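Next up, data32.txt (compact mmCIF, C-alpha atoms and all ligand atoms):
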# COMPACT_ATOMS: atom_id res chain seq x y z
CA MET A 1209 2.40 19.40 -5.52
CA LEU A 1210 0.74 16.77 -3.32
CA ARG A 1211 3.09 14.91 -0.97
CA TYR A 1212 3.27 13.51 2.54
CA TRP A 1213 5.64 12.55 5.30
CA THR A 1214 5.13 10.38 8.35
CA ALA A 1215 6.52 10.52 11.87
CA GLY A 1216 6.28 8.36 14.97
CA GLU A 1217 7.71 5.28 16.67
CA SER A 1218 6.00 1.89 16.97
CA HIS A 1219 5.62 2.21 20.76
CA GLY A 1220 5.72 6.01 20.91
CA LYS A 1221 2.77 8.22 21.77
CA SER A 1222 1.36 8.37 18.25
CA LEU A 1223 1.94 8.18 14.53
CA ILE A 1224 1.50 11.21 12.32
CA ALA A 1225 1.04 11.82 8.58
CA LEU A 1226 1.58 15.39 7.37
CA ILE A 1227 -0.02 15.90 3.96
CA ASP A 1228 0.87 19.00 1.96
CA GLY A 1229 -0.81 20.21 -1.24
CA PHE A 1230 -4.18 18.52 -0.76
CA PRO A 1231 -6.90 20.44 -2.65
CA ALA A 1232 -9.48 22.53 -0.76
CA GLY A 1233 -13.16 21.71 -0.73
CA LEU A 1234 -13.25 17.94 -0.21
CA LYS A 1235 -15.82 16.79 2.34
CA ILE A 1236 -14.04 14.12 4.36
CA ASP A 1237 -15.57 10.82 5.43
CA GLU A 1238 -13.64 10.00 8.61
CA GLU A 1239 -15.42 6.67 9.11
CA MET A 1240 -14.14 5.48 5.71
CA ILE A 1241 -10.55 6.13 6.90
CA ASN A 1242 -11.26 4.23 10.12
CA ARG A 1243 -12.68 1.28 8.18
CA GLU A 1244 -9.44 0.96 6.21
CA LEU A 1245 -7.39 1.27 9.41
CA ARG A 1246 -9.40 -1.61 10.89
CA LEU A 1247 -8.81 -3.69 7.76
CA ARG A 1248 -5.07 -3.05 8.00
CA GLN A 1249 -5.12 -4.47 11.52
CA GLY A 1250 -6.86 -7.65 10.37
CA GLY A 1251 -6.09 -10.74 8.33
CA TYR A 1252 -5.23 -14.21 9.59
CA GLY A 1253 -1.80 -14.61 11.19
CA ARG A 1254 -1.33 -11.28 12.91
CA GLY A 1255 0.25 -10.98 16.35
CA GLY A 1256 -0.76 -9.76 19.80
CA ARG A 1257 -0.32 -6.05 19.10
CA GLN A 1258 -3.51 -5.80 17.10
CA LYS A 1259 -5.54 -6.92 20.14
CA LEU A 1260 -4.19 -3.90 22.02
CA GLU A 1261 -4.84 -1.31 19.32
CA GLN A 1262 -8.06 0.10 17.89
CA ASP A 1263 -6.56 2.34 15.24
CA THR A 1264 -8.66 5.41 14.48
CA VAL A 1265 -7.72 8.69 12.84
CA ASP A 1266 -7.65 12.11 14.51
CA ILE A 1267 -7.58 14.95 12.02
CA LEU A 1268 -5.52 17.63 13.74
CA THR A 1269 -5.10 20.32 11.07
CA GLY A 1270 -6.18 21.42 7.61
CA VAL A 1271 -9.89 20.66 7.92
CA TRP A 1272 -12.84 22.83 8.94
CA GLN A 1273 -16.39 21.53 9.24
CA SER A 1274 -15.21 18.20 7.79
CA THR A 1275 -13.96 19.95 4.63
CA THR A 1276 -10.33 20.32 3.50
CA LEU A 1277 -8.96 23.89 3.49
CA GLY A 1278 -6.03 23.52 1.08
CA SER A 1279 -3.68 23.92 4.05
CA PRO A 1280 -1.47 21.12 5.41
CA ILE A 1281 -3.46 18.22 6.84
CA THR A 1282 -2.18 16.33 9.90
CA LEU A 1283 -3.54 12.86 10.55
CA GLN A 1284 -2.80 11.15 13.84
CA VAL A 1285 -3.20 7.53 14.98
CA VAL A 1286 -2.61 7.21 18.74
CA ASN A 1287 -0.75 4.12 20.03
CA ASN A 1288 -2.60 2.42 22.90
CA ASP A 1289 0.58 0.42 23.49
CA TYR A 1290 2.68 3.49 24.26
CA LYS A 1291 5.60 2.27 26.35
CA LEU A 1292 8.67 3.53 24.54
CA GLU A 1293 10.31 5.08 27.61
CA ARG A 1294 10.14 1.75 29.47
CA LEU A 1295 11.49 -0.41 26.65
CA LYS A 1296 15.00 -1.82 26.84
CA GLU A 1297 17.71 -2.07 24.24
CA LEU A 1298 17.95 -5.26 22.12
CA GLU A 1299 21.38 -6.88 22.31
CA ARG A 1300 21.14 -9.41 19.46
CA PRO A 1301 20.13 -7.97 16.04
CA ARG A 1302 17.40 -9.84 14.15
CA PRO A 1303 18.46 -10.92 10.62
CA GLY A 1304 16.26 -9.30 7.98
CA HIS A 1305 15.43 -6.25 10.09
CA ALA A 1306 17.10 -2.82 10.04
CA ASP A 1307 18.55 -3.61 13.52
CA LEU A 1308 22.25 -4.20 12.76
CA THR A 1309 22.65 -1.81 9.84
CA GLY A 1310 20.73 1.02 11.53
CA ALA A 1311 22.61 0.71 14.82
CA ILE A 1312 25.93 0.92 12.98
CA LYS A 1313 24.84 3.71 10.62
CA TYR A 1314 23.52 5.92 13.45
CA LEU A 1315 26.20 4.81 15.95
CA GLY A 1316 23.26 4.20 18.27
CA SER A 1317 20.83 1.67 19.69
CA ILE A 1318 18.94 -1.11 17.94
CA ARG A 1319 15.81 0.02 19.80
CA GLY A 1320 16.08 3.49 18.24
CA VAL A 1321 16.11 1.94 14.77
CA LEU A 1322 13.50 -0.79 15.15
CA GLU A 1323 10.95 1.60 16.64
CA ARG A 1324 10.89 3.65 13.45
CA SER A 1325 11.49 0.87 10.92
CA SER A 1326 8.54 -1.15 12.30
CA ALA A 1327 5.62 -1.71 9.97
CA ARG A 1328 3.40 -0.08 12.60
CA GLU A 1329 4.17 3.15 10.68
CA THR A 1330 2.02 1.91 7.81
CA ALA A 1331 -1.11 2.77 9.85
CA VAL A 1332 -0.71 6.44 8.93
CA ARG A 1333 0.27 5.64 5.34
CA VAL A 1334 -3.09 3.88 5.06
CA ALA A 1335 -4.83 6.90 6.61
CA ALA A 1336 -3.16 9.24 4.08
CA GLY A 1337 -4.02 6.87 1.23
CA ALA A 1338 -7.65 6.59 2.36
CA LEU A 1339 -7.92 10.37 2.22
CA ALA A 1340 -6.34 10.29 -1.25
CA ARG A 1341 -8.94 7.70 -2.33
CA GLN A 1342 -11.70 10.15 -1.39
CA LEU A 1343 -10.13 12.65 -3.79
CA LEU A 1344 -9.84 10.01 -6.51
CA ALA A 1345 -13.54 9.19 -6.10
CA VAL A 1346 -14.40 12.74 -7.29
CA VAL A 1347 -13.29 11.70 -10.80
CA GLY A 1348 -14.49 8.09 -10.52
CA ILE A 1349 -11.14 6.41 -9.79
CA GLU A 1350 -11.41 3.33 -7.56
CA THR A 1351 -8.80 1.02 -6.03
CA VAL A 1352 -8.59 -2.41 -4.42
CA GLY A 1353 -5.76 -4.58 -3.08
CA TYR A 1354 -5.90 -8.33 -2.45
CA VAL A 1355 -3.61 -11.29 -1.80
CA VAL A 1356 -2.73 -13.49 -4.80
CA GLU A 1357 0.01 -15.66 -3.27
CA LEU A 1358 0.70 -16.79 0.27
CA GLY A 1359 4.17 -18.27 0.57
CA ALA A 1360 4.25 -21.11 -1.98
CA MET A 1361 0.44 -21.15 -2.39
CA ALA A 1362 -1.24 -19.34 -5.33
CA ILE A 1363 -4.66 -17.98 -4.28
CA GLY A 1364 -5.53 -15.52 -7.04
CA ALA A 1365 -8.87 -16.03 -8.78
CA ALA A 1366 -8.47 -16.61 -12.53
CA ASP A 1367 -11.16 -14.22 -13.81
CA THR A 1368 -10.48 -11.01 -11.89
CA ARG A 1369 -10.52 -8.89 -15.07
CA SER A 1370 -14.25 -9.50 -15.57
CA LYS A 1371 -15.02 -8.41 -12.00
CA THR A 1372 -15.64 -4.82 -10.88
CA ILE A 1373 -13.69 -3.21 -8.06
CA ALA A 1374 -16.84 -3.49 -5.90
CA ASP A 1375 -17.02 -7.25 -6.64
CA LEU A 1376 -13.35 -7.73 -5.74
CA ARG A 1377 -13.71 -5.67 -2.59
CA GLU A 1378 -16.70 -7.75 -1.47
CA LEU A 1379 -14.83 -11.02 -2.06
CA ARG A 1380 -11.70 -9.69 -0.35
CA ASP A 1381 -13.65 -8.50 2.68
CA ALA A 1382 -15.28 -11.92 3.06
CA SER A 1383 -11.88 -13.67 3.12
CA SER A 1384 -9.88 -14.18 6.32
CA ILE A 1385 -6.66 -13.85 4.32
CA TYR A 1386 -7.93 -11.00 2.04
CA CYS A 1387 -7.79 -13.03 -1.18
CA VAL A 1388 -10.58 -12.91 -3.78
CA ASP A 1389 -11.33 -16.62 -3.58
CA PRO A 1390 -12.56 -17.14 0.01
CA SER A 1391 -12.98 -20.88 -0.69
CA ARG A 1392 -9.17 -21.09 -0.19
CA ASP A 1393 -9.26 -19.49 3.29
CA LYS A 1394 -9.16 -22.70 5.35
CA GLU A 1395 -6.19 -24.05 3.40
CA ALA A 1396 -4.40 -20.69 3.81
CA GLU A 1397 -5.16 -20.61 7.54
CA SER A 1398 -3.74 -24.08 8.15
CA TYR A 1399 -0.61 -23.15 6.18
CA ILE A 1400 -0.13 -20.13 8.46
CA ASP A 1401 -0.89 -22.28 11.56
CA ARG A 1402 1.77 -24.75 10.49
CA MET A 1403 4.34 -21.96 10.15
CA ALA A 1404 3.36 -20.64 13.59
CA ASP A 1405 3.81 -24.11 15.11
CA GLU A 1406 7.25 -24.31 13.52
CA GLY A 1407 8.22 -20.86 14.87
CA ASP A 1408 8.43 -19.55 11.31
CA THR A 1409 6.82 -16.81 9.19
CA LEU A 1410 5.31 -16.38 5.69
CA GLY A 1411 5.23 -13.68 3.02
CA GLY A 1412 3.40 -13.52 -0.28
CA VAL A 1413 2.32 -11.47 -3.26
CA ILE A 1414 -0.45 -8.89 -3.36
CA GLU A 1415 -2.14 -7.31 -6.37
CA VAL A 1416 -3.59 -3.81 -6.60
CA ARG A 1417 -6.07 -2.77 -9.29
CA VAL A 1418 -7.08 0.82 -10.05
CA ASP A 1419 -10.10 1.43 -12.32
CA GLY A 1420 -11.48 4.61 -13.88
CA LEU A 1421 -8.10 6.13 -14.73
CA PRO A 1422 -8.06 8.78 -17.44
CA PHE A 1423 -5.35 9.00 -20.08
CA GLY A 1424 -2.19 10.86 -19.19
CA LEU A 1425 -1.44 10.69 -15.46
CA GLY A 1426 2.35 10.75 -15.19
CA THR A 1427 4.53 11.74 -18.12
CA HIS A 1428 7.02 10.28 -20.57
CA ALA A 1429 8.95 13.57 -20.58
CA GLN A 1430 11.16 13.28 -17.49
CA TRP A 1431 12.35 10.18 -15.64
CA ASP A 1432 11.36 11.26 -12.17
CA ARG A 1433 7.76 12.00 -13.16
CA LYS A 1434 7.10 8.69 -14.92
CA LEU A 1435 4.22 7.15 -13.00
CA ASP A 1436 5.55 3.59 -13.09
CA GLY A 1437 8.77 4.83 -11.47
CA ARG A 1438 6.85 6.78 -8.84
CA LEU A 1439 4.65 3.80 -8.03
CA ALA A 1440 7.62 1.46 -7.77
CA GLN A 1441 9.36 3.84 -5.38
CA ALA A 1442 6.31 4.22 -3.15
CA VAL A 1443 5.57 0.48 -3.07
CA MET A 1444 9.20 -0.61 -2.57
CA ALA A 1445 9.29 1.78 0.39
CA VAL A 1446 6.65 -0.29 2.22
CA GLN A 1447 8.28 -2.40 4.93
CA ALA A 1448 9.24 -5.93 3.75
CA ILE A 1449 8.40 -5.36 0.06
CA LYS A 1450 11.18 -6.81 -2.11
CA GLY A 1451 9.74 -6.56 -5.61
CA VAL A 1452 7.19 -4.68 -7.72
CA GLU A 1453 5.68 -5.72 -11.07
CA ILE A 1454 3.36 -3.79 -13.36
CA GLY A 1455 1.02 -5.69 -15.67
CA MET A 1456 2.70 -8.80 -17.03
CA GLY A 1457 5.87 -7.73 -15.22
CA PHE A 1458 8.84 -10.11 -15.30
CA GLU A 1459 6.89 -12.59 -17.45
CA ALA A 1460 6.98 -10.07 -20.36
CA ALA A 1461 10.74 -10.56 -20.54
CA ARG A 1462 10.22 -14.24 -21.37
CA ARG A 1463 7.66 -13.72 -24.18
CA ARG A 1464 7.89 -12.44 -27.76
CA GLY A 1465 6.61 -8.92 -28.53
CA SER A 1466 3.43 -10.05 -30.27
CA GLU A 1467 2.41 -11.93 -27.10
CA VAL A 1468 3.06 -8.99 -24.83
CA HIS A 1469 1.78 -5.73 -26.32
CA ASP A 1470 -1.91 -4.85 -26.12
CA PRO A 1471 -3.58 -4.21 -29.53
CA ILE A 1472 -5.52 -0.93 -29.91
CA HIS A 1473 -9.18 -0.94 -31.02
CA HIS A 1474 -11.82 1.80 -30.88
CA ASP A 1475 -15.52 1.57 -30.07
CA PRO A 1476 -17.38 4.85 -30.86
CA GLU A 1477 -20.18 3.79 -28.49
CA LEU A 1478 -17.86 3.95 -25.49
CA THR A 1479 -16.27 7.40 -25.82
CA HIS A 1480 -18.05 8.59 -22.64
CA LEU A 1481 -15.87 6.25 -20.52
CA PRO A 1482 -12.46 7.26 -19.07
CA HIS A 1483 -10.75 5.19 -21.79
CA LEU A 1484 -12.59 7.36 -24.40
CA GLY A 1485 -13.56 4.25 -26.37
CA TYR A 1486 -9.99 2.99 -26.88
CA ILE A 1487 -10.40 -0.72 -26.16
CA ARG A 1488 -7.50 -3.07 -25.48
CA PRO A 1489 -8.35 -6.79 -25.68
CA SER A 1490 -5.54 -7.49 -23.21
CA ASN A 1491 -3.91 -5.41 -20.50
CA ASN A 1492 -0.40 -6.79 -20.23
CA ALA A 1493 0.98 -3.25 -19.89
CA GLY A 1494 -0.95 -3.00 -16.62
CA GLY A 1495 -2.42 0.39 -17.58
CA LEU A 1496 0.87 2.24 -18.12
CA GLU A 1497 2.67 3.00 -21.37
CA GLY A 1498 5.55 5.50 -21.54
CA GLY A 1499 5.21 6.22 -17.81
CA MET A 1500 1.61 7.44 -18.34
CA THR A 1501 -1.79 5.94 -17.63
CA ASN A 1502 -3.34 4.72 -20.89
CA GLY A 1503 -7.01 4.62 -19.91
CA GLN A 1504 -6.86 0.95 -18.87
CA SER A 1505 -6.87 -0.42 -15.35
CA LEU A 1506 -3.62 -0.19 -13.44
CA ILE A 1507 -2.42 -3.63 -12.33
CA LEU A 1508 0.47 -3.73 -9.88
CA ARG A 1509 1.84 -6.63 -7.87
CA ALA A 1510 4.18 -6.48 -4.90
CA ALA A 1511 6.23 -9.27 -3.31
CA LYS A 1512 6.51 -9.23 0.47
CA LYS A 1513 9.18 -11.20 2.25
CA PRO A 1514 8.26 -13.23 5.35
CA ILE A 1515 8.29 -11.25 8.63
CA SER A 1516 11.88 -11.05 9.88
CA THR A 1517 11.15 -11.65 13.57
CA LEU A 1518 11.22 -15.44 14.10
CA ARG A 1519 10.05 -17.25 17.20
CA LYS A 1520 12.80 -19.78 16.41
CA PRO A 1521 15.49 -17.16 15.87
CA LEU A 1522 18.32 -17.40 13.36
CA ASP A 1523 22.00 -17.07 14.16
CA SER A 1524 23.13 -13.64 15.21
CA ILE A 1525 25.73 -12.13 17.51
CA ARG A 1526 25.68 -10.20 20.79
CA MET A 1527 26.64 -6.62 20.02
CA GLU A 1528 28.68 -6.23 23.20
CA ASP A 1529 31.27 -8.95 22.48
CA LYS A 1530 30.34 -10.09 18.94
CA GLN A 1531 30.00 -13.66 20.22
CA PRO A 1532 27.48 -15.96 18.50
CA HIS A 1533 23.95 -15.92 19.97
CA ARG A 1534 20.44 -16.51 18.68
CA ALA A 1535 18.70 -13.29 17.52
CA ASN A 1536 16.30 -11.53 19.87
CA TYR A 1537 12.61 -12.39 19.66
CA GLU A 1538 10.07 -9.60 20.11
CA ARG A 1539 6.31 -10.11 19.86
CA SER A 1540 5.47 -10.21 16.15
CA ASP A 1541 3.17 -11.54 13.43
CA VAL A 1542 3.40 -14.92 11.70
CA CYS A 1543 2.04 -13.46 8.47
CA ALA A 1544 1.08 -9.89 7.58
CA ILE A 1545 0.37 -10.38 3.87
CA SER A 1546 -3.31 -9.39 4.33
CA ALA A 1547 -2.27 -6.10 5.94
CA ALA A 1548 0.13 -5.57 3.02
CA ALA A 1549 -2.79 -5.78 0.58
CA ILE A 1550 -4.40 -2.82 2.34
CA ILE A 1551 -1.15 -0.91 2.77
CA VAL A 1552 0.03 -1.23 -0.84
CA GLU A 1553 -3.44 -0.30 -2.14
CA HIS A 1554 -3.25 2.92 -0.14
CA VAL A 1555 0.30 3.91 -1.06
CA VAL A 1556 -0.65 3.36 -4.71
CA ALA A 1557 -3.78 5.50 -4.22
CA PHE A 1558 -1.68 8.35 -2.85
CA GLU A 1559 0.69 8.26 -5.86
CA ILE A 1560 -2.25 8.27 -8.27
CA ALA A 1561 -3.73 11.26 -6.41
CA THR A 1562 -0.37 13.03 -6.69
CA ALA A 1563 -0.33 12.48 -10.45
CA LEU A 1564 -3.98 13.62 -10.68
CA VAL A 1565 -3.17 16.87 -8.90
CA ASP A 1566 -0.05 17.34 -11.08
CA LYS A 1567 -2.18 17.15 -14.21
CA PHE A 1568 -5.39 18.91 -13.18
CA GLY A 1569 -4.31 21.32 -10.43
CA GLY A 1570 -4.34 21.18 -6.69
CA ASP A 1571 -5.93 24.37 -5.33
CA SER A 1572 -9.53 23.22 -5.12
CA VAL A 1573 -11.52 20.11 -5.85
CA ALA A 1574 -14.00 22.17 -7.91
CA GLU A 1575 -11.24 23.44 -10.23
CA LEU A 1576 -9.63 20.01 -10.46
CA LYS A 1577 -12.97 18.44 -11.48
CA ALA A 1578 -13.70 21.19 -14.03
CA ARG A 1579 -10.27 20.78 -15.61
CA TYR A 1580 -10.66 17.01 -15.62
CA ASP A 1581 -14.00 17.34 -17.47
CA LEU A 1582 -12.53 19.84 -19.95
CA PHE A 1583 -9.59 17.53 -20.65
CA GLN A 1584 -11.91 14.57 -21.27
CA THR A 1585 -13.85 16.63 -23.83
CA MET A 1586 -10.68 17.83 -25.57
CA ALA A 1587 -9.14 14.34 -25.55
CA ARG A 1588 -12.34 12.82 -26.97
CA ASN A 1589 -11.98 15.14 -29.98
CA ARG A 1590 -8.27 14.44 -30.45
C1 LIG B 1601 2.54 -3.68 13.61
C2 LIG B 1601 2.82 -3.52 14.93
C3 LIG B 1601 3.99 -4.17 15.54
C4 LIG B 1601 4.22 -5.52 14.90
C5 LIG B 1601 4.32 -5.45 13.39
C6 LIG B 1601 3.38 -4.52 12.73
O1 LIG B 1601 3.70 -4.24 16.88
P1 LIG B 1601 4.64 -4.85 18.04
O2 LIG B 1601 6.05 -4.72 17.57
O3 LIG B 1601 4.33 -4.00 19.24
O4 LIG B 1601 4.18 -6.26 18.21
O5 LIG B 1601 3.15 -6.38 15.22
O6 LIG B 1601 5.58 -5.03 13.04
C7 LIG B 1601 6.42 -5.92 12.49
C8 LIG B 1601 6.16 -7.16 12.33
C9 LIG B 1601 7.67 -5.37 12.03
O7 LIG B 1601 8.49 -6.15 11.56
O8 LIG B 1601 7.86 -4.19 12.16
C10 LIG B 1601 1.40 -3.03 12.97
O9 LIG B 1601 0.62 -2.31 13.63
O10 LIG B 1601 1.26 -3.23 11.75
For this file, produce the structure as structure tokens.
Amino acid sequence: MLRYWTAGESHGKSLIALIDGFPAGLKIDEEMINRELRLRQGGYGRGGRQKLEQDTVDILTGVWQSTTLGSPITLQVVNNDYKLERLKELERPRPGHADLTGAIKYLGSIRGVLERSSARETAVRVAAGALARQLLAVVGIETVGYVVELGAMAIGAADTRSKTIADLRELRDASSIYCVDPSRDKEAESYIDRMADEGDTLGGVIEVRVDGLPFGLGTHAQWDRKLDGRLAQAVMAVQAIKGVEIGMGFEAARRRGSEVHDPIHHDPELTHLPHLGYIRPSNNAGGLEGGMTNGQSLILRAAKKPISTLRKPLDSIRMEDKQPHRANYERSDVCAISAAAIIVEHVVAFEIATALVDKFGGDSVAELKARYDLFQTMARNR
């Protein structure tokens, strides 16, 4: 079973991901992980912290001569802005953050809660997901995440289905806001600037696409192993995410059945592909039927609320006497939707890798690949 945990505070010494059950025999590309960490730090509208950090991964355990051993892997991202011991308590909880609820639940400080609930933790989730993507690449699975809405502004390109993951990645990487239509960048930037001037923040919607999926990752047989459920859990657990949709999502509820479900065709010329020649003229299911991948691309969208720390703070109280006061302001971002595109892509990648290992085995990459190939042959003859 492939799984991971994270540890670390936003201004502590470092952040850690501990990955258990990762197959042996994968040659690791550390620079690829660092590239994704740099992307997570970018995007228009981020705050001062990213100027202080140059996130890079240290691989502390589980790897020998750049190759995974099958033993637990520890990934570390060191915080340049380590200052936890010097930081003071916050007195006025910030609405939208874990501040008030956490301090009451743990009968403790707001500082102790905000340091762990901070989205800084997502640095090591991206590192773990980048490693997972290297495993997915062994069987030709590719991922990308990009911004499709910024606040009230739709910035998704209309024809993404006809584009490859490499095309989308190239467009995304050319965009300051990480959308796939860079011609909208300037408009997006001035929208974010306006929010900054007004002391406000912005959220948005990101889309993740995964190509090259075989049939049958996840299962219909038990609720807690349905892949759509697993993905929703992982994505909802990203800081500030308030909603997850797969395929047509909520819109499917408003349409009749014949407009929603994807007809099944077969092209005998295409049986060598992961979809084994089963062609679907539409992909409203977003690549999942019955909690299992159906050979089509996975399409997942996540809604991110605006950052909760406001330069023009909302009403709050002072914890000491419960008297009304404006909420605390701590250095923060105006908009982190671009970072969310990278983060959600990587948490999705890790869940797909988990389902891959569940189906094809997790001792070694060689065995996993052999079993994958055998399954494709057997499934082709089904
Ligand atoms: C973040 C680092 C944080 C914040 C942001 C995300 O750094 P600092 O608090 O030192 O400025 O910029 O966190 C939040 C906005 C949040 O609400 O937690 C990062 O590296 O992603």
Which residues sit within 9 Å of ligand LIG 1601 (chain B), counting only C-alpha atoms and all ligand atoms, listed as number ranges by chain? A: 1218-1219, 1248-1249, 1254-1258, 1260-1261, 1263, 1289, 1305, 1322-1331, 1447-1448, 1515-1517, 1538-1544, 1547
Selection above as a file: C-alpha atoms, as a PDB file, in the frame of the given file:
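Writing done, so here's out05.pdb:
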ATOM      1  CA  SER A1218       6.000   1.890  16.970  1.00  0.00           C
ATOM      2  CA  HIS A1219       5.620   2.210  20.760  1.00  0.00           C
ATOM      3  CA  ARG A1248      -5.070  -3.050   8.000  1.00  0.00           C
ATOM      4  CA  GLN A1249      -5.120  -4.470  11.520  1.00  0.00           C
ATOM      5  CA  ARG A1254      -1.330 -11.280  12.910  1.00  0.00           C
ATOM      6  CA  GLY A1255       0.250 -10.980  16.350  1.00  0.00           C
ATOM      7  CA  GLY A1256      -0.760  -9.760  19.800  1.00  0.00           C
ATOM      8  CA  ARG A1257      -0.320  -6.050  19.100  1.00  0.00           C
ATOM      9  CA  GLN A1258      -3.510  -5.800  17.100  1.00  0.00           C
ATOM     10  CA  LEU A1260      -4.190  -3.900  22.020  1.00  0.00           C
ATOM     11  CA  GLU A1261      -4.840  -1.310  19.320  1.00  0.00           C
ATOM     12  CA  ASP A1263      -6.560   2.340  15.240  1.00  0.00           C
ATOM     13  CA  ASP A1289       0.580   0.420  23.490  1.00  0.00           C
ATOM     14  CA  HIS A1305      15.430  -6.250  10.090  1.00  0.00           C
ATOM     15  CA  LEU A1322      13.500  -0.790  15.150  1.00  0.00           C
ATOM     16  CA  GLU A1323      10.950   1.600  16.640  1.00  0.00           C
ATOM     17  CA  ARG A1324      10.890   3.650  13.450  1.00  0.00           C
ATOM     18  CA  SER A1325      11.490   0.870  10.920  1.00  0.00           C
ATOM     19  CA  SER A1326       8.540  -1.150  12.300  1.00  0.00           C
ATOM     20  CA  ALA A1327       5.620  -1.710   9.970  1.00  0.00           C
ATOM     21  CA  ARG A1328       3.400  -0.080  12.600  1.00  0.00           C
ATOM     22  CA  GLU A1329       4.170   3.150  10.680  1.00  0.00           C
ATOM     23  CA  THR A1330       2.020   1.910   7.810  1.00  0.00           C
ATOM     24  CA  ALA A1331      -1.110   2.770   9.850  1.00  0.00           C
ATOM     25  CA  GLN A1447       8.280  -2.400   4.930  1.00  0.00           C
ATOM     26  CA  ALA A1448       9.240  -5.930   3.750  1.00  0.00           C
ATOM     27  CA  ILE A1515       8.290 -11.250   8.630  1.00  0.00           C
ATOM     28  CA  SER A1516      11.880 -11.050   9.880  1.00  0.00           C
ATOM     29  CA  THR A1517      11.150 -11.650  13.570  1.00  0.00           C
ATOM     30  CA  GLU A1538      10.070  -9.600  20.110  1.00  0.00           C
ATOM     31  CA  ARG A1539       6.310 -10.110  19.860  1.00  0.00           C
ATOM     32  CA  SER A1540       5.470 -10.210  16.150  1.00  0.00           C
ATOM     33  CA  ASP A1541       3.170 -11.540  13.430  1.00  0.00           C
ATOM     34  CA  VAL A1542       3.400 -14.920  11.700  1.00  0.00           C
ATOM     35  CA  CYS A1543       2.040 -13.460   8.470  1.00  0.00           C
ATOM     36  CA  ALA A1544       1.080  -9.890   7.580  1.00  0.00           C
ATOM     37  CA  ALA A1547      -2.270  -6.100   5.940  1.00  0.00           C
TER      38      ALA A1547
END
Return the single residue from A:His1533, A:Lys1235, A:Arg1579, A:Arg1417 that is closest to Leu1376 in chain A, with distances computed using only C-alpha atoms. A:Arg1417
Box centre and edge lengths (Å, one decimal), axis-aligned, range 1222-1228 of chain A plus 3 Å each side, as AutoDock Vina command-line options:
--center_x 1.0 --center_y 13.6 --center_z 10.1 --size_x 8.0 --size_y 16.8 --size_z 22.3
Excluding Arg1526 in chain A and residues on its chain fewer than 5 positions from it, collect all residues at most 12 Å away from it, counting all atoms listed in the file, and give them as a PyMOL selection string. chain A and resi 1297-1302+1308+1318+1531-1536
Long-range neighbours of Phe1568 in chain A as an mmCIF file with C-alpha atoms, in the frame of the given file, 10 Å cut-off, only C-alpha atoms, 5 positions minimum in chain:
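The file below, selection_29.cif, is the result:
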data_model
loop_
_atom_site.group_PDB
_atom_site.id
_atom_site.type_symbol
_atom_site.label_atom_id
_atom_site.label_comp_id
_atom_site.auth_asym_id
_atom_site.auth_seq_id
_atom_site.Cartn_x
_atom_site.Cartn_y
_atom_site.Cartn_z
ATOM 1 C CA LEU A 1425 -1.440 10.690 -15.460
ATOM 2 C CA ALA A 1563 -0.330 12.480 -10.450
ATOM 3 C CA VAL A 1573 -11.520 20.110 -5.850
ATOM 4 C CA GLU A 1575 -11.240 23.440 -10.230
ATOM 5 C CA LEU A 1576 -9.630 20.010 -10.460
ATOM 6 C CA LYS A 1577 -12.970 18.440 -11.480
ATOM 7 C CA ALA A 1578 -13.700 21.190 -14.030
ATOM 8 C CA ARG A 1579 -10.270 20.780 -15.610
ATOM 9 C CA TYR A 1580 -10.660 17.010 -15.620
ATOM 10 C CA ASP A 1581 -14.000 17.340 -17.470
ATOM 11 C CA LEU A 1582 -12.530 19.840 -19.950
ATOM 12 C CA PHE A 1583 -9.590 17.530 -20.650
#
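Proximity ranking of A:Met1444, A:Leu1245, A:Leu1506, A:Leu1295 relative to Gly1320 in chain A places A:Leu1295 first, based on all atoms listed in the file.
Put simply, CA of Val1286 in chain A is 28.9 Å away from CA of Ala1511 in chain A.
Using only C-alpha atoms, the protein and nucleic acid residues lying no more than 12 Å from Ser1383 in chain A, apart from those fewer than 5 places from it along its own chain, are Leu1247, Gly1250, Gly1251, Tyr1252, Tyr1354, Val1355, Ile1363, Leu1376, Arg1377, Glu1378, Val1388, Asp1389, Pro1390, Ser1391, Arg1392, Asp1393, Lys1394, Glu1395, Ala1396, Glu1397 and Ser1546 of chain A.
Nearest residue to Ala1561 in chain A among A:Val1452, A:Val1347, A:Val1446, A:Ile1472 is A:Val1347, counting only C-alpha atoms.
Using only C-alpha atoms for every distance, the candidate list A:Tyr1486, A:Thr1282, A:Ala1510, A:Gln1504 yields A:Tyr1486 as the residue closest to Ala1587 in chain A.
Picture a line from CA of Met1456 in chain A to CA of Phe1423 in chain A; it runs 19.8 Å.
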